[in-house]
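This report concerns only the one structure given below.
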There are 2 protein chains.
Amino acid sequence: MSSATPLPATRDRLVQAAIELIANEGVQAATVRRVADAVGVSAPLVLHHFGSKEGLVAACDERVLGTMEGMLAEMAAAGADAGFQYLMADEQAAVLLLYVARALHEDNATGRQWFDRLYALTRNGMAEMAERGMVRTFDDPVMASLILLAMDLGLVLLRPHVERILDAPLTDRSVVTRWITAEFDLLTTPIFRPPASPAAPAPDSEQP
Amino acid sequence: MSSATPLPATRDRLVQAAIELIANEGVQAATVRRVADAVGVSAPLVLHHFGSKEGLVAACDERVLGTMEGMLAEMAAAGADAGFQYLMADEQAAVLLLYVARALHEDNATGRQWFDRLYALTRNGMAEMAERGMVRTFDDPVMASLILLAMDLGLVLLRPHVERILDAPLTDRSVVTRWITAEFDLLTTPIFRPPASPAAPAPDSEQP
DNA sequence: TTGCCGACTGAACACGCGTTCAGTAGGGTG
DNA sequence: CACCCTACTGAACGCGTGTTCAGTCGGCAA
């Protein structure tokens, strides 16, 4: 009964269109008129529903937060490491992640809230996994968590360039698999060789 | 005709002011009038010198590219790993790095050029170090390089949030030291405990 | 002198932005 | 019926943007 169809569909579609626009082009580019056009209504109607553009963005934030909340909980319940790659594999969640990435770059209240949330998730997640003996501990857990978080978020923030190098969408299942594998590999096998190695067999097996 | 006579100082100061504004607030916020005001001249003078705002930004790009070129070469000559932390420690270079970070996020030609350059630097750097036996090789060197690049660039892209967590500027010498140390630690000592059974794949077991 | 040219400015233009306002249509309720 | 509330629209306002235009000032050459 709760989620039947009581809401006027227009307001809902406006939020959805705004989220998509913001995720792909940023808040600045998501003008009131463009959002209205995407749904096929007039610009003042958007203000009628949300009071102002700020209200529209706030509604989008709330929607994204609420939707992603369940996904994060689900992800945490599934255990394993807390990488965002699982989210990128989901087409719907990918839009939300790109939305959050935009918010992170623009230094507004929402971005700050999101980052603090993600940071706490990483920091506490690492601590918890360390307790269970799954990962080691760190001398500087704060900086380590920041770097680990940046490692995952970085690829999302740099998405256009990463996709250009890989020649494939970051949300592709195959790309996500490569991502997970390479990251796990990086964090499992040290990349720096001990400097005082007597004879290092260096078979350059890299592919051109 | 030659540049023996010093350029009219105004043009030079306009570029410098624009770079600073763009680095800190982005191209959009770097209004022609704001740039002009920062130097103490009128807005049309900016257009007189650069033709258009696009020309102004192009001049800034060129300046940043040229200045940073030497720094990268210097850094490469100094050897060691190619982390951006060394750049962040330099006050003047930090502005340039923030400028590049802005360009990377806005998906324009300059950003693409910059990312390709930084990616090649990372990729080739890793390959070269692998040849010298300093680092190991990777099954997926492309993805590994992307992740390593994102790890460094991520902190710069997320600068406001990182600084909020650390409660210190990212360019602080002490922060840079922590950054270098933690990153080296992450890449030297594996964080995941080796799985009990040999040849255990990633926790995610999904086959298309 | 006269003429020219580059640095420089105040006023103003066209455009897109978020926003406001007056007004219309339609459905429920007294 | 009249009344009100909600969804919705076209026209327009104020503002900031990049840009244009006519014109001033000062140094240099003929």
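Chain labels A, B, ... are given in the sequence in which chains occur in the structure tokens; within each chain residues are numbered consecutively from 1, and ligands are likewise numbered from 1 in the order shown.
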Quiz item: Superposing chain B on chain A by least squares with every Cα paired in order, what RMSD results?
Solution: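 The RMSD between chain B and chain A over C-alpha atoms is 6.1 Å.
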Practice problem: Counting only C-alpha atoms (C1' of nucleotides), collect the residues of chain D whose closest atom lies at most 9 Å from chain B, and write them out as a ChimeraX atom specification. | Solution: /D:17-19
May I have the selected residues written with C-alpha atoms (C1' of nucleotides), as a short mmCIF file (atom, residue, chain, number, x, y, z; two decimals), in the first residue's frame?
data_model
loop_
_atom_site.label_atom_id
_atom_site.label_comp_id
_atom_site.auth_asym_id
_atom_site.auth_seq_id
_atom_site.Cartn_x
_atom_site.Cartn_y
_atom_site.Cartn_z
"C1'" DT D 17 28.01 36.33 -18.37
"C1'" DG D 18 31.13 36.89 -22.69
"C1'" DT D 19 31.61 40.17 -26.00
#
Quiz item: Excluding same-chain residues fewer than 5 positions from Arg11 of chain A, what lies within 12 Å of it counting only C-alpha atoms (C1' of nucleotides), as an MDAnalysis selection string?
Solution: (chainID A and resid 6 16:18 35:36 39:41 45:50 56 59:60) or (chainID D and resid 7)
Could you turn the residues from that selection into a file that holds C-alpha atoms (C1' of nucleotides), as a short mmCIF file (atom, residue, chain, number, x, y, z; two decimals), in the first residue's frame?
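The result, written out as selection_1.cif:
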data_model
loop_
_atom_site.label_atom_id
_atom_site.label_comp_id
_atom_site.auth_asym_id
_atom_site.auth_seq_id
_atom_site.Cartn_x
_atom_site.Cartn_y
_atom_site.Cartn_z
CA PRO A 6 0.02 8.15 -4.99
CA GLN A 16 14.91 11.23 -12.11
CA ALA A 17 15.73 13.45 -15.09
CA ALA A 18 17.66 15.87 -12.87
CA VAL A 35 15.31 19.38 -16.68
CA ALA A 36 11.84 20.63 -17.54
CA VAL A 39 10.26 15.68 -18.90
CA GLY A 40 8.23 17.79 -21.31
CA VAL A 41 6.91 20.41 -18.93
CA LEU A 45 6.58 23.93 -12.90
CA VAL A 46 9.93 22.74 -11.60
CA LEU A 47 10.03 25.72 -9.25
CA HIS A 48 6.42 25.09 -8.33
CA HIS A 49 7.32 21.60 -7.14
CA PHE A 50 10.69 22.25 -5.52
CA LEU A 56 15.46 20.39 -6.75
CA ALA A 59 15.45 16.38 -3.61
CA CYS A 60 17.92 14.63 -5.89
"C1'" DA D 7 -0.96 21.07 -11.49
#
Quiz prompt | Contact residues (chain A, partner chain B, 7 Å, only C-alpha atoms) as number ranges by chain | solution = A: 80, 105, 107, 112, 115, 134-136, 140, 143-144, 147, 150-151, 153-155, 158, 160-161, 179, 181-182, 187-193, 195, 200, 202, 204
Quiz prompt | Distance query DT24 of chain D at most 12 Å, only C-alpha atoms (C1' of nucleotides), self and fewer than 5 positions along chain excluded, as JSON, numbers by chain | solution = {"C": [7, 8, 9, 10]}
Exercise. Would you please work out which residue, of A:Asp172, A:Arg34, A:Asn24, A:Leu14, is nearest to DG16 of chain C when using only C-alpha atoms (C1' of nucleotides)?
Key: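 Checking each candidate against DG16 of chain C, we get A:Arg34 as the closest.
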Find the residues in chain C near chain A: any atom within 12 Å counts, using only C-alpha atoms (C1' of nucleotides). Write them as a CSV table (one decimal) with N, CA and C atoms (P, O5', C5', C4', C3', O3' and C1' of nucleotides), in the first residue's frame.
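Output contents, as saved in out.csv:
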chain,number,residue,atom,x,y,z
C,16,DG,P,20.8,31.7,-25.7
C,16,DG,O5',21.0,31.2,-24.2
C,16,DG,C5',22.3,30.9,-23.7
C,16,DG,C4',22.3,30.9,-22.1
C,16,DG,C3',21.1,30.1,-21.6
C,16,DG,O3',21.6,29.2,-20.6
C,16,DG,C1',21.1,32.3,-20.7
C,17,DC,P,20.6,28.1,-19.9
C,17,DC,O5',20.5,28.7,-18.5
C,17,DC,C5',21.6,28.8,-17.6
C,17,DC,C4',21.3,29.8,-16.5
C,17,DC,C3',20.1,29.4,-15.7
C,17,DC,O3',20.4,28.4,-14.7
C,17,DC,C1',20.3,31.8,-16.0
C,18,DG,P,19.3,27.6,-14.1
C,18,DG,O5',18.7,28.6,-13.0
C,18,DG,C5',19.5,29.0,-11.9
C,18,DG,C4',18.8,30.0,-11.1
C,18,DG,C3',17.5,29.5,-10.4
C,18,DG,O3',17.5,30.0,-9.0
C,18,DG,C1',17.0,31.3,-11.8
C,19,DT,P,16.3,29.7,-8.1
C,19,DT,O5',15.2,30.8,-8.4
C,19,DT,C5',15.5,32.1,-8.4
C,19,DT,C4',14.4,33.0,-8.8
C,19,DT,C3',13.0,32.7,-8.3
C,19,DT,O3',12.6,33.7,-7.4
C,19,DT,C1',12.9,33.2,-10.6
C,20,DT,P,11.2,33.6,-6.6
C,20,DT,O5',10.3,34.5,-7.5
C,20,DT,C5',10.7,35.8,-7.9
C,20,DT,C4',9.6,36.5,-8.6
C,20,DT,C3',8.2,36.4,-8.1
C,20,DT,O3',7.6,37.6,-8.0
C,20,DT,C1',8.2,35.8,-10.4
C,21,DC,P,6.2,37.8,-7.1
C,21,DC,O5',5.2,38.0,-8.3
C,21,DC,C5',5.6,38.6,-9.5
C,21,DC,C4',4.5,38.6,-10.6
C,21,DC,C3',3.1,38.3,-10.0
C,21,DC,O3',2.2,39.2,-10.6
C,21,DC,C1',3.6,36.7,-11.7
